[in-house]
Amino acid sequence: MRAIQLFLKAILILAIAFIGALFAFHNNQLLTVDFIYFTGPQISLGLWLMAFLMLGALLGIAVSSLMLGSYKRKLGRANRETKNL
């Protein structure tokens, strides 16, 4: 069963990567993003969008893991308090 889950995850990751590559290839207009303090390199629109999507996903994972750690600490504290009762 575990091998089937691993296989399905690998297929899903490959499908997402393939769709992302197609998206990047079809959006090949050159674009320069002007940030507040500097200007980014001139690369294709698809690559910019994929980069910002990845950055957003990583930031979301980081923030949710911080929140999860906070909830685990609160749960541990509550469990200790109930043990002492």
# chains A, B, ... in the order shown; residues from 1 in each chain; ligands from 1
$ residues_around --residues "range 16-31 of chain A" --least-positions-apart "2" --cutoff "12 Å" --atoms "only C-alpha atoms" --output "PyMOL selection string"
chain A and resi 9-14+33-34+39-51+53-54
$ select_by_dssp --residues "range 6-67 of chain A" --states "helix (DSSP H, G or I)" --output "ChimeraX atom specification"
/A:6-26,45-67
$ atom_distance --atom1 "CA of Phe35 in chain A" --atom2 "CA of Phe52 in chain A"
12.8 Å
